[in-house]
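S.K.: This is the structure I want to talk about, given as structure tokens.
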Amino acid sequence: MEIIKQKQMILKSLLLKAWRERWSDVQWSAQVKGLLQKGTSGDVYNLAEMLLSQALIGPSPNTLILSYLKHAISSQVVSYAAVLTSMVRYEDLFTSRPYCMRSLLDLLVSCAHKIRSFEIPDSSQQLTQWLLGSCHGNAEECLILCQSLLTAVFWLLRGILHALEKQREIKETFVIAKNMEMCSDVLKRLYEAKPTRGLLYIGRLEDANTWNGIEQVLTSIRNTLINQQQQPVFSKELREKVDRHLVEIQKYQNHPVSPMGGPYGAKINSCTINIITYMEAILNITIDIQPFVDQLVLIETIQKLHRSTVYLELIRASFIGTVDSAGSSDELKWASFTYLKVPQILARLKMIPTSDGNMVDSSEILSDALEQLLRFLPLLDAADTKCNCDCLQYLLQEFNKYGLMDEEQVSKILHRRAAETQRIKSSEMPSTQPNASLILRAEPTVTNILKTLDADYSKSQEALLGVLGHMMSGKSFELILAAAAATLKLKKFAAKLIKFNEFAKQANGEGSKASYTRALLYDISFLMLCHIAQLYGVEMVTANGGDSFFENWTTQCLPDDNGAKPLELALKSDQSKVDLLLATINSGSEMKTSLTKWHEQCIHLPYVMQEVLNAWEHSAITTDHVQKMVDNVRSRMCCIPVCIAAWLCSYISVLGASERSKPLKMLQMFMVPLGGEPVMQFSNERNILMMNVMKKMCSNSLDVWLHGHSSSTDSIFIIPKTKPTKEVLKEVFEKVVHNGCVDKTVLMAMDQIINVSGVQWFCEAIINELLSLNRKDDLQAAVEIIIALFQVDIEQLTLALTRNVLTQILNDPCQWQNLCDPRGHALATVSVWCIAAAQTSQNSYKEAREKESLFKPLRGRKRGRSDVEKDDSGFSKDESRPTKLRRMLSTADEDNSTATLAEFAANGGIMRLMSHSQQPQIMSDPFNRALASLFQLFASILSENIIGPRSEFVMSFVKEALQCGENVSCEILQFMPVNMISQLFRSSLAGTFPADLALAVCDLELPFGRKIAAKMLCLSRR
């Protein structure tokens, strides 16, 4: 300390000598640098404060000493933070010595003359360049600059407030008015520039007391301007200018980083919403709408869409699906989605703020979307014709019911629709009610049925049989299932059916009538559950995790979308019981119902038919005898032919083409409708349901049965055996890009290709299709389509993209040319969007699991998140796995993925510092490990200091991440190494990389994060 005081005395003596002898600023600077040790700043000796104290002694400033200070700043003898800290101590200058105040303000804005230009800076950019260019220290000094800058803002605001409060006492009104105007301009320029705005935001977090003072002064200034409107001293123009600038400052208080990318509303459509809506209606109708809503909000953010555009695309996609599905098995799915789920989706979106920050009334946004929808006259007319009703009217009635629109808005839309429609209305009454009306009536019916089924039917089985039998008549069962699926009650309904099925399989001392009723209950509940599993997914009947017979049989025997189940999984039989049943059937005796355990019949009769088939194949029995035995088996119960057909599908799937003849003929015998008088009650309804179940079963597992036995109105897609899968994918992808939408055939094609080739091959092939395009418009359309198609299995496909595909492209010199823009930018965009969508999907289901511990249904009905977790963490490396469970990670990647968080820190650390309790949980997730590995690769690319396609790709990736909103970008960029941030700024061309990066990737709640962010902001204008 003693040495510092001595040096201060020497510097002060030198300053007085320089003033007396009128040294130039260059002479003085040379003498000062001779006194200072090498690498030592004048801030150590308070040189800035010393110069200011000598320059501001009298009523007017000492211009010579001020020139010394300006030169000291230019030559980096003193830092700008030290100058600011010294300036703010002169609070009494504004009214007492206005000319000195003016000199300080001139100092603040004119030093850029010697640093960046030959003119006094008149823009925020020049001022920013000086502020940041003057900071050449470490992260600690940059953080001090943030605090000093915030203090300077506080000082300027206090000066304006002091001038307003003392305006009637001051004499130099003109000079003070000019000073106040200059203060206002300086404040505006500070907040206009993103880097300085970021520094101020960091200073706000670092010094909360000063920020609270700024907020109080802002409020006081606004109130003073309002109260002094009657007899003002300053001109109206000045007061309005000050008020306008203060309003702009307050706008940036909580939003230091403005949204990046193009303006909101630049896009007027989105094929992404069209495609994911189709998937939601077909694949995810039984799932809660929140994950879908989260994806819509994400797309709204990353594609810069207005909320009205989201509404429009959602409703338009619903009507397109309604038209395409007319007459197919998905017709009621679309009806339930359009009239039951879409209003719920819009109600959820209404509670979420718009991404563009527009506070317009939600009903007005929806009305605007519907006004735009009316322009699609052919679509609306086609929907009305196919459904034989006014579809828009039914939908608007539901909107009104949910409070999304009022009566006046609904009437206005319907009046315009009636005036513009070109559909010719028929004078005849329709023979059947439209699906829209039926599905809306079925919704309350589902609730009533569930209440009815809650009763104890153990003593009155006839009443239960009557309820279930009545449900099977006509389209009632299909409508009830569609309404239950859309209202998330299908699991509960299936659980009750399983309960009834379990009850009906027991046989405890019963009469003929009771056994007859029990047999029908078992048969009807079994068929209903099979139909639910086929139409809405096996998880609908296995979600409760029970150990019932039907759940086990469904899991091990029922063919699903992936084909027939292996014979090894079939339920084991008792050979003695098989022989007894074979003798009964061979003799032509009727199957008795009394004391029969029907679940055992379902297990043993397929093996009985196996014996019959073996005898038939060896010519031991004739075809007519086989037909009689088949007719005997299916004469009473319809569930038994279903079990036999399931076994036959599994058996046929392992046979060669030459061995399939007689098994197929036997299967055909079960598929032919049974003639004659009905033997048991509800025979026609049960037979119709049985036939539908077996047709669906065969279409899923046997290609040869598709012709002539599948539903004629359903679109079926089969990968041609003579055409390479890559060509099939290319044709389907080009079709989607050309049409901008998907249909059921496309979804089936994509699903089959993924099942056949695996997610890694599919991901690589689809990315290659993207990189084969050249035109910017085609690339943009392809990006939107790929993010939508990945929703078939978003988490696994994104994992393949981040862990394998991107790594291969970045490490293969032969593919670097594909990273040149615009293809490189398109690949970066699709990568970021997929990562954001996958993380959003994970978070959505994580929140759902926290609220209620239910099994997560599969999106796309393949593998759910629980399976992914099991696949990646439940097995050891040396443990064998089922061959059809494709492993996402290669051997090398698996070894690398075990890197700990400490290893990442050793390579530069990660920006988002996590607590020790969070580290194992976060890094154990395979998706997080893949992201961390990818960012390590990015850092190694930038460390080469070579500007090329790879570095441009990395920059495009980070820029796109910043456009996804603060929450998503933080999750994506949380694994970015610290050293990668500075490498990004150094590798990018001047002014091409946004300064917002520092605020986006650093955790500003932590002191370390604020230091790094401040340093990067200073580097952004160096």
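By convention here, the chains of the structure tokens are called A, B, ... in the order presented, each chain's residues are numbered starting at 1, and ligands are numbered starting at 1 in the order presented.
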Excluding Val153 (chain A) and its own-chain neighbours fewer than 6 positions away, which residues fall within 10 Å of it when counting only C-alpha atoms? Please give them as a list of chain:residue names.
M.R.: A:Leu84, A:Val88, A:Gln147, A:Gly159, A:Cys183, A:Val186, A:Leu187, A:Leu190, A:Leu200, A:Thr210, A:Trp211, A:Ile214
S.K.: Would you kindly return, as a list in words, each protein, DNA or RNA residue with an atom no farther than 12 Å from any atom of Cys271 (chain A), considering only C-alpha atoms and excluding same-chain residues fewer than 6 positions away?
M.R.: Thr277, Tyr278, Ile299, Gln303, Thr309, Val310, Leu312, Glu313, Leu314, Arg316, Ala317, Val736, Val737, His738, Asn739, Gly740, Cys741, Val742, Gln780, Ala781, Ala782, Val783, Glu784, Ile785, Ile786, Ile787, Ala788 and Leu789 of chain A
S.K.: Could you tell me, as a count of residues only, which residues of region 178-388 of chain A DSSP assigns to helix (DSSP H, G or I) when given the backbone?
M.R.: 151
S.K.: Using only C-alpha atoms, which protein or nucleic acid residues come within 12 Å of region 392-400 of chain A? Drop anything in the same chain fewer than 6 positions from it, and give the result as number ranges by chain.
M.R.: A: 315-316, 318-319, 322, 335-347, 350, 362-363, 366-367, 370-371, 373-374, 377, 379-384, 406-418, 421, 434-441
S.K.: Set the distance at 10 Å and use only C-alpha atoms: which residues neighbour Ile352 (chain A) once local chain neighbours fewer than 3 positions away are removed? I'd like the list as a PyMOL selection string.
M.R.: chain A and resi 293-294+297+346-349+355
S.K.: With N, CA, C and O atoms retained, write the just-selected residues as a PDB file, in the first residue's frame.
M.R.:
ATOM      1  N   VAL A 293     -49.621 -30.657 -27.922  1.00  0.00           N
ATOM      2  CA  VAL A 293     -49.678 -29.204 -27.726  1.00  0.00           C
ATOM      3  C   VAL A 293     -48.266 -28.641 -27.577  1.00  0.00           C
ATOM      4  O   VAL A 293     -47.937 -27.589 -28.141  1.00  0.00           O
ATOM      5  N   ASP A 294     -47.427 -29.346 -26.818  1.00  0.00           N
ATOM      6  CA  ASP A 294     -46.039 -28.893 -26.650  1.00  0.00           C
ATOM      7  C   ASP A 294     -45.304 -28.854 -27.984  1.00  0.00           C
ATOM      8  O   ASP A 294     -44.523 -27.926 -28.246  1.00  0.00           O
ATOM      9  N   VAL A 297     -46.481 -25.776 -29.957  1.00  0.00           N
ATOM     10  CA  VAL A 297     -45.873 -24.543 -29.449  1.00  0.00           C
ATOM     11  C   VAL A 297     -44.419 -24.459 -29.900  1.00  0.00           C
ATOM     12  O   VAL A 297     -43.928 -23.379 -30.265  1.00  0.00           O
ATOM     13  N   LEU A 346     -57.132 -26.573 -28.773  1.00  0.00           N
ATOM     14  CA  LEU A 346     -57.189 -25.110 -28.858  1.00  0.00           C
ATOM     15  C   LEU A 346     -57.385 -24.491 -27.477  1.00  0.00           C
ATOM     16  O   LEU A 346     -56.861 -23.403 -27.205  1.00  0.00           O
ATOM     17  N   ALA A 347     -58.131 -25.170 -26.618  1.00  0.00           N
ATOM     18  CA  ALA A 347     -58.314 -24.650 -25.256  1.00  0.00           C
ATOM     19  C   ALA A 347     -56.989 -24.652 -24.484  1.00  0.00           C
ATOM     20  O   ALA A 347     -56.704 -23.730 -23.717  1.00  0.00           O
ATOM     21  N   ARG A 348     -56.163 -25.693 -24.702  1.00  0.00           N
ATOM     22  CA  ARG A 348     -54.845 -25.717 -24.056  1.00  0.00           C
ATOM     23  C   ARG A 348     -53.947 -24.620 -24.635  1.00  0.00           C
ATOM     24  O   ARG A 348     -53.229 -23.951 -23.888  1.00  0.00           O
ATOM     25  N   LEU A 349     -53.969 -24.467 -25.955  1.00  0.00           N
ATOM     26  CA  LEU A 349     -53.141 -23.436 -26.582  1.00  0.00           C
ATOM     27  C   LEU A 349     -53.557 -22.040 -26.117  1.00  0.00           C
ATOM     28  O   LEU A 349     -52.720 -21.133 -26.034  1.00  0.00           O
ATOM     29  N   SER A 355     -45.806 -17.151 -28.987  1.00  0.00           N
ATOM     30  CA  SER A 355     -44.352 -17.041 -29.067  1.00  0.00           C
ATOM     31  C   SER A 355     -43.900 -15.658 -29.500  1.00  0.00           C
ATOM     32  O   SER A 355     -42.799 -15.221 -29.179  1.00  0.00           O
TER      33      SER A 355
END
S.K.: Write out as a list of chain:residue names which residues come within 10 Å of Gln575 (chain A) when counting only C-alpha atoms, dropping same-chain ones fewer than 4 positions away.
M.R.: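 Skipping anything fewer than 4 positions along the chain leaves A:Asp579, A:Leu580, A:Leu581, A:His604, A:Tyr607, A:Val608.
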S.K.: Dump N, CA and C atoms for the selected residues as a PDB file, in the first residue's frame?
M.R.:
ATOM      1  N   ASP A 579     -55.412 -83.954 -26.240  1.00  0.00           N
ATOM      2  CA  ASP A 579     -55.914 -85.223 -26.778  1.00  0.00           C
ATOM      3  C   ASP A 579     -57.401 -85.387 -26.514  1.00  0.00           C
ATOM      4  N   LEU A 580     -57.857 -84.972 -25.327  1.00  0.00           N
ATOM      5  CA  LEU A 580     -59.275 -85.076 -24.992  1.00  0.00           C
ATOM      6  C   LEU A 580     -60.119 -84.190 -25.890  1.00  0.00           C
ATOM      7  N   LEU A 581     -59.664 -82.943 -26.117  1.00  0.00           N
ATOM      8  CA  LEU A 581     -60.400 -82.028 -26.999  1.00  0.00           C
ATOM      9  C   LEU A 581     -60.389 -82.530 -28.434  1.00  0.00           C
ATOM     10  N   HIS A 604     -55.518 -74.585 -25.600  1.00  0.00           N
ATOM     11  CA  HIS A 604     -55.330 -75.947 -26.104  1.00  0.00           C
ATOM     12  C   HIS A 604     -55.848 -76.159 -27.516  1.00  0.00           C
ATOM     13  N   TYR A 607     -53.468 -76.075 -30.497  1.00  0.00           N
ATOM     14  CA  TYR A 607     -52.640 -77.276 -30.613  1.00  0.00           C
ATOM     15  C   TYR A 607     -53.464 -78.456 -31.128  1.00  0.00           C
ATOM     16  N   VAL A 608     -54.767 -78.450 -30.839  1.00  0.00           N
ATOM     17  CA  VAL A 608     -55.649 -79.456 -31.432  1.00  0.00           C
ATOM     18  C   VAL A 608     -55.666 -79.313 -32.946  1.00  0.00           C
TER      19      VAL A 608
END
S.K.: Using only C-alpha atoms, find the one residue out of A:Gln983, A:Glu952, A:Ile65, A:Ser831 that sits nearest to Ala939 (chain A).
M.R.: A:Gln983
S.K.: Under the rule that only C-alpha atoms are counted, which of A:Cys100, A:Leu105, A:Ala620, A:Ile981 is the nearest residue to Ser943 (chain A)?
M.R.: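 The closest residue to Ser943 (chain A) is A:Ile981.
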S.K.: Quick one: everything within 9 Å of Tyr522 (chain A), counting only C-alpha atoms, minus sequence neighbours fewer than 3 positions away in the same chain. Send it as a list in words.
M.R.: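 Answer for this query is Phe500, Asn501, Glu502, Phe503, Ala504, Lys505, Thr517, Arg518, Ala519, Ser525, Phe526, Leu527, Trp598, His599 and Cys639 of chain A.
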S.K.: Since we have the selection now, will you write its residues out, keeping C-alpha atoms, as a compact mmCIF listing (two decimals), in the first residue's frame?
M.R.:
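Result file out.txt:
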# COMPACT_ATOMS: atom_id res chain seq x y z
CA PHE A 500 -65.28 -59.28 -16.88
CA ASN A 501 -63.20 -61.66 -19.00
CA GLU A 502 -61.33 -62.88 -15.93
CA PHE A 503 -64.61 -63.33 -14.06
CA ALA A 504 -66.17 -65.29 -16.93
CA LYS A 505 -63.30 -67.80 -17.21
CA THR A 517 -74.33 -66.57 -19.99
CA ARG A 518 -70.76 -66.95 -18.74
CA ALA A 519 -69.63 -68.31 -22.11
CA SER A 525 -65.32 -59.42 -23.84
CA PHE A 526 -62.53 -61.37 -25.57
CA LEU A 527 -63.57 -60.17 -29.04
CA TRP A 598 -62.64 -71.02 -21.62
CA HIS A 599 -59.13 -69.68 -21.22
CA CYS A 639 -62.96 -66.30 -29.49
S.K.: Do you know which residues are at most 9 Å from region 720-727 of chain A counting only C-alpha atoms, after dropping those on the same chain fewer than 3 positions away, and could you put them as number ranges by chain?
M.R.: A: 730-732, 753, 756-757, 762, 765
S.K.: With distances taken over only C-alpha atoms, which of A:Ser24, A:Thr840, A:Asn562, A:Ser103 is nearest to Asn755 (chain A)?
M.R.: A:Asn562
S.K.: Which residue gives the smallest distance to Gln752 (chain A) among A:Leu934, A:Gly563, A:Glu140, A:Val612, with only C-alpha atoms counted?
M.R.: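 The closest residue to Gln752 (chain A) is A:Gly563.
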